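Here is the file target12.cif (mmCIF, C-alpha atoms).
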```cif
data_my_file
#
loop_
_atom_site.label_atom_id
_atom_site.label_comp_id
_atom_site.auth_asym_id
_atom_site.auth_seq_id
_atom_site.Cartn_x
_atom_site.Cartn_y
_atom_site.Cartn_z
CA GLN A 22 -28.06 -2.98 -8.59
CA ASP A 23 -29.58 -4.31 -5.38
CA ILE A 24 -31.31 -1.49 -3.43
CA GLU A 25 -33.17 -1.86 -0.14
CA ARG A 26 -35.20 1.05 1.24
CA ILE A 27 -35.98 1.25 4.93
CA SER A 28 -38.54 3.85 5.97
CA ILE A 29 -37.83 5.79 9.16
CA PRO A 30 -40.63 8.31 9.79
CA ALA A 31 -39.89 11.97 10.62
CA LYS A 32 -36.22 11.83 9.63
CA THR A 33 -34.90 14.97 7.95
CA SER A 34 -32.49 13.08 5.71
CA CYS A 35 -31.95 9.82 3.92
CA THR A 36 -28.71 8.01 4.56
CA VAL A 37 -27.32 5.85 1.77
CA ALA A 38 -24.82 3.06 2.36
CA MET A 39 -23.45 1.20 -0.64
CA GLY A 40 -20.86 -1.51 -0.46
CA MET A 41 -19.32 -4.74 -1.59
CA VAL A 42 -16.82 -7.23 -0.27
CA VAL A 43 -13.44 -6.68 -1.94
CA LYS A 44 -9.92 -8.01 -1.94
CA PRO A 45 -8.02 -5.24 -0.17
CA SER A 46 -4.99 -3.65 -1.79
CA ILE A 47 -3.23 -0.31 -1.74
CA ASP A 48 -4.24 0.06 -5.40
CA LEU A 49 -7.91 -0.25 -4.45
CA VAL A 50 -7.44 2.23 -1.59
CA VAL A 51 -6.11 4.76 -4.12
CA ALA A 52 -8.94 3.92 -6.54
CA CYS A 53 -11.56 4.47 -3.82
CA GLY A 54 -9.85 7.73 -2.91
CA ILE A 55 -10.30 8.92 -6.48
CA LEU A 56 -13.97 8.02 -6.19
CA GLY A 57 -14.67 9.56 -2.82
CA ASN A 58 -11.82 10.79 -0.61
CA GLY A 59 -13.38 13.97 0.74
CA PHE A 60 -13.12 17.07 -1.40
CA SER A 61 -10.49 15.46 -3.65
CA GLY A 62 -12.91 12.69 -4.69
CA ARG A 63 -15.19 12.66 -7.70
CA LEU A 64 -18.36 12.05 -5.71
CA MET A 65 -17.92 15.16 -3.56
CA LYS A 66 -16.83 17.28 -6.52
CA TRP A 67 -19.82 16.29 -8.65
CA VAL A 68 -22.71 15.37 -6.35
CA ARG A 69 -22.02 18.07 -3.74
CA ASP A 70 -19.98 20.88 -5.30
CA THR A 71 -21.45 20.88 -8.82
CA LYS A 72 -24.97 19.55 -8.24
CA GLY A 73 -25.51 20.73 -4.63
CA LEU A 74 -27.36 17.56 -3.64
CA THR A 75 -25.59 16.53 -0.41
CA TYR A 76 -23.49 17.79 2.45
CA GLY A 77 -21.38 14.69 2.39
CA ILE A 78 -20.56 11.70 0.24
CA GLY A 79 -17.47 9.55 0.17
CA SER A 80 -15.93 6.13 -0.29
CA LYS A 81 -13.23 4.04 1.31
CA VAL A 82 -12.00 0.50 1.79
CA LYS A 83 -12.63 -0.64 5.37
CA ARG A 84 -11.98 -3.82 7.26
CA GLU A 85 -15.27 -5.04 8.71
CA ASN A 86 -16.05 -8.31 10.44
CA GLY A 87 -12.91 -10.06 9.20
CA THR A 88 -13.20 -8.98 5.58
CA ALA A 89 -12.62 -5.87 3.47
CA VAL A 90 -15.54 -3.81 2.22
CA MET A 91 -15.60 -0.97 -0.25
CA ARG A 92 -18.13 1.50 1.22
CA ILE A 93 -19.82 4.55 -0.19
CA VAL A 94 -21.86 6.62 2.25
CA ALA A 95 -23.99 9.67 1.49
CA THR A 96 -26.78 11.71 3.01
CA PHE A 97 -29.53 13.36 0.98
CA ALA A 98 -32.59 15.41 1.81
CA PRO A 99 -35.66 13.30 0.93
CA SER A 100 -36.68 15.82 -1.75
CA VAL A 101 -33.42 15.31 -3.69
CA LEU A 102 -32.78 11.63 -2.93
CA ASP A 103 -33.73 10.34 -6.37
CA GLU A 104 -31.67 12.99 -8.16
CA GLY A 105 -28.77 12.42 -5.76
CA MET A 106 -28.82 8.69 -6.43
CA LYS A 107 -28.99 9.32 -10.19
CA GLU A 108 -25.95 11.62 -10.09
CA THR A 109 -24.07 9.25 -7.77
CA THR A 110 -24.74 6.41 -10.21
CA LYS A 111 -23.36 8.50 -13.09
CA VAL A 112 -20.10 9.02 -11.19
CA LEU A 113 -19.95 5.33 -10.23
CA ASP A 114 -20.59 4.14 -13.78
CA LYS A 115 -17.68 6.19 -15.12
CA TRP A 116 -15.42 5.09 -12.25
CA PHE A 117 -16.27 1.40 -12.75
CA LYS A 118 -15.00 1.76 -16.33
CA ALA A 119 -11.59 2.52 -14.76
CA ASP A 120 -11.65 5.91 -16.43
CA VAL A 121 -9.16 7.51 -14.02
CA THR A 122 -6.18 9.77 -14.67
CA GLN A 123 -2.55 9.86 -13.62
CA GLN A 124 -3.18 13.18 -11.87
CA GLU A 125 -5.95 11.62 -9.76
CA VAL A 126 -3.66 8.72 -8.82
CA ASP A 127 -0.85 11.11 -7.86
CA ILE A 128 -3.15 13.24 -5.69
CA GLN A 129 -4.43 10.22 -3.76
CA LYS A 130 -0.90 8.90 -3.23
CA GLN A 131 0.17 12.29 -1.83
CA ILE A 132 -2.86 12.32 0.47
CA LEU A 133 -2.08 8.83 1.80
CA LEU A 134 1.55 9.68 2.49
CA GLY A 135 0.66 13.01 4.10
CA LYS A 136 -2.09 11.45 6.22
CA ARG A 137 0.40 8.92 7.58
CA LEU A 138 2.80 11.69 8.63
CA VAL A 139 0.03 13.62 10.42
CA HIS A 140 -1.26 10.41 12.01
CA PHE A 141 2.17 9.69 13.47
CA ASP A 142 2.40 13.14 15.08
CA ASN A 143 0.34 11.65 17.90
CA PRO A 144 2.23 9.08 20.07
CA SER A 145 -0.97 7.18 20.88
CA SER A 146 -1.63 6.83 17.14
CA ILE A 147 1.81 5.34 16.66
CA ILE A 148 1.29 2.70 19.36
CA ALA A 149 -2.25 1.96 18.12
CA THR A 150 -0.91 1.40 14.60
CA LEU A 151 1.91 -0.81 15.87
CA HIS A 152 -0.52 -2.79 18.02
CA ASN A 153 -2.94 -3.21 15.12
CA ALA A 154 -0.12 -4.54 12.92
CA SER A 155 0.87 -6.96 15.67
CA VAL A 156 -2.71 -8.17 16.22
CA HIS A 157 -3.05 -8.89 12.49
CA GLY A 158 0.20 -10.85 12.45
CA HIS A 159 2.23 -8.19 10.66
CA GLY A 160 5.50 -6.91 11.97
CA VAL A 161 6.85 -3.40 12.18
CA LYS A 162 8.32 -3.98 8.72
CA THR A 163 4.81 -3.62 7.29
CA LEU A 164 4.74 -0.06 8.60
CA ASP A 165 8.22 0.62 7.24
CA ASN A 166 7.08 -0.56 3.81
CA PHE A 167 4.03 1.74 3.68
CA SER A 168 5.71 4.54 1.70
CA ALA A 169 7.20 2.08 -0.76
CA LYS A 170 3.82 0.39 -1.23
CA VAL A 171 2.10 3.72 -1.87
CA ASN A 172 4.83 4.86 -4.23
CA SER A 173 4.57 1.59 -6.19
CA VAL A 174 0.95 2.33 -7.14
CA THR A 175 0.59 3.14 -10.83
CA LEU A 176 -2.20 4.29 -13.10
CA ARG A 177 -2.23 0.79 -14.58
CA SER A 178 -2.47 -0.93 -11.17
CA VAL A 179 -5.33 1.36 -10.06
CA ARG A 180 -7.23 0.67 -13.27
CA ALA A 181 -6.67 -3.07 -12.79
CA ALA A 182 -7.98 -2.87 -9.20
CA ILE A 183 -11.17 -1.20 -10.42
CA GLN A 184 -11.59 -3.61 -13.33
CA ALA A 185 -11.33 -6.56 -10.92
CA LEU A 186 -14.57 -5.38 -9.25
CA ASP A 187 -18.03 -6.45 -10.37
CA LYS A 188 -20.40 -3.52 -9.94
CA ASN A 189 -23.29 -6.00 -9.82
CA ASN A 190 -22.03 -6.95 -6.35
CA LEU A 191 -22.66 -3.43 -5.06
CA LYS A 192 -25.47 -3.51 -2.49
CA THR A 193 -27.34 -0.38 -1.44
CA VAL A 194 -29.41 0.38 1.64
CA ILE A 195 -31.25 3.69 1.98
CA ALA A 196 -32.78 4.60 5.33
CA GLY A 197 -34.89 7.65 6.00
CA THR A 198 -38.13 9.41 5.24
CA PHE A 199 -39.11 9.14 1.58
CA THR A 200 -41.16 11.79 -0.19
CA SER A 201 -42.29 9.56 -3.04
#
```

Serialized structure, structure tokens:
Amino acid sequence: QDIERISIPAKTSCTVAMGMVVKPSIDLVVACGILGNGFSGRLMKWVRDTKGLTYGIGSKVKRENGTAVMRIVATFAPSVLDEGMKETTKVLDKWFKADVTQQEVDIQKQILLGKRLVHFDNPSSIIATLHNASVHGHGVKTLDNFSAKVNSVTLRSVRAAIQALDKNNLKTVIAGTFTS
């Protein structure tokens, strides 16, 4: 794994950004949710709740600079950075083996569908979503198909989305004050 460390003196934490360019899909969005969607994700459950090494860690698929990137972001105190990275790597290694469950898939699908409903409670969110679809050359039909797309995600399709990734492409940058 490619890791770059950037020293920033007198910082009280180290921020970790990991990522790779990916082919976006709803299956990969669900897969990344299993990995790190807030308190429902494996990273938060293990690295924060069980090990107590961070206040926050998560992952998502984001569009950046005309491409899609799978991102994992975490913050660690300098004194626990190495242990935090070790525990994060453990979670990632298991996830990259596509060792996910039907229950995890179902939870992430419910979260996506629920998030959409809450998002659309705000009229400005509706117009922003419609405008974004228009800018990207998609019609309103894309929005209408969202629930069907989410509901079509299966355990098999999520595993395939993970297996299509090459963890050797994951790049890591750590910025902060290092104790060692």

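Going from CA of Gln123 in chain A to CA of Gly54 in chain A covers 13.1 Å.
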
As a check of understanding, name the residues that the PyMOL selection byres ((chain A and resi 60) around 12) selects in the supplied structure, as a PyMOL selection string. chain A and resi 54-59+61-71+76-80+128-129+132

Could you state the separation of CA of Asp48 in chain A and CA of Asn172 in chain A in Å, given to one decimal place?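 Separating CA of Asp48 in chain A from CA of Asn172 in chain A is a distance of 10.3 Å.
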
Can you tell me, as a list of chain:residue names, what residues are no more than 7 Å from range 189-195 of chain A when counting all atoms listed in the file, ignoring any on the same chain fewer than 5 positions away? A:Gln22, A:Asp23, A:Ile24, A:Glu25, A:Arg26, A:Ile27, A:Cys35, A:Thr36, A:Val37, A:Ala38, A:Met39, A:Gly40, A:Met41

Neighbouring residues of Ile29 in chain A were defined as those with any atom within 7 Å, considering all atoms listed in the file; residues of the same chain fewer than 6 positions away were excluded. Please report them as a PDB file with C-alpha atoms, in the coordinates of the input.
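Result file part.pdb:
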```pdb
ATOM      1  CA  ALA A 196     -32.780   4.600   5.330  1.00  0.00           C
ATOM      2  CA  GLY A 197     -34.890   7.650   6.000  1.00  0.00           C
ATOM      3  CA  THR A 198     -38.130   9.410   5.240  1.00  0.00           C
TER       4      THR A 198
END
```

Point-to-point distance from CA of Phe117 in chain A to CA of Lys136 in chain A, Å rounded to tenths: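 Going from CA of Phe117 in chain A over to CA of Lys136 in chain A, I get 25.7 Å.
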
So, with all atoms listed in the file as the atoms that count, which of A:Val42, A:Val94, A:Val51, A:Val112 lies closest to Thr175 in chain A?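 Closest to Thr175 in chain A, using all atoms listed in the file: A:Val51.
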
Which neighbours of Thr33 in chain A fall inside 10 Å, counting all atoms listed in the file, when residues of the same chain fewer than 6 positions from it are skipped, and could you give them as a ChimeraX atom specification? /A:97-100,197-199

Nearest residue to Ala169 in chain A out of A:Met91, A:Ala182, A:Ile47, A:Val101, using only C-alpha atoms?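 Looking only at the distances to Ala169 in chain A, the closest residue turns out to be A:Ile47.
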
List, as a list in words, every residue that the PyMOL selection byres ((chain A and resi 86-89) around 8) selects in the file provided.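 When the PyMOL selection byres ((chain A and resi 86-89) around 8) is applied to the shown file, the picked residues are Val42, Val43, Lys44, Pro45, Val82, Lys83, Arg84, Glu85, Val90 and Met91 of chain A.
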
Could you write those residues out with C-alpha atoms, as a compact mmCIF listing (two decimals), in the frame of the given file?
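Contents of part.txt, as written:
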```txt
# COMPACT_ATOMS: atom_id res chain seq x y z
CA VAL A 42 -16.82 -7.23 -0.27
CA VAL A 43 -13.44 -6.68 -1.94
CA LYS A 44 -9.92 -8.01 -1.94
CA PRO A 45 -8.02 -5.24 -0.17
CA VAL A 82 -12.00 0.50 1.79
CA LYS A 83 -12.63 -0.64 5.37
CA ARG A 84 -11.98 -3.82 7.26
CA GLU A 85 -15.27 -5.04 8.71
CA VAL A 90 -15.54 -3.81 2.22
CA MET A 91 -15.60 -0.97 -0.25
```

Which is closest to Ala181 in chain A among A:Lys162, A:Lys111, A:Lys118, A:Arg92, if we use only C-alpha atoms?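 Among the listed residues, A:Lys118 lies closest to Ala181 in chain A.
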
Enclose the full set of atoms of range 153-161 of chain A listed in the file within a box whose edges lie along x, y and z, apply 6 Å of padding to each of the six sides, and report centre and edge lengths in Å to one decimal as JSON.
```
{"center_x": 1.9, "center_y": -7.0, "center_z": 13.4, "size_x": 21.9, "size_y": 19.6, "size_z": 17.6}
```

Which residues would end up in the selection if the PyMOL selection byres ((chain A and resi 183) around 10) were applied here, given that I need the answer as a list in words? Asp48, Leu49, Ala52, Cys53, Trp116, Phe117, Lys118, Ala119, Asp120, Val121, Ser178, Val179, Arg180, Ala181, Ala182, Gln184, Ala185, Leu186, Asp187 and Lys188 of chain A
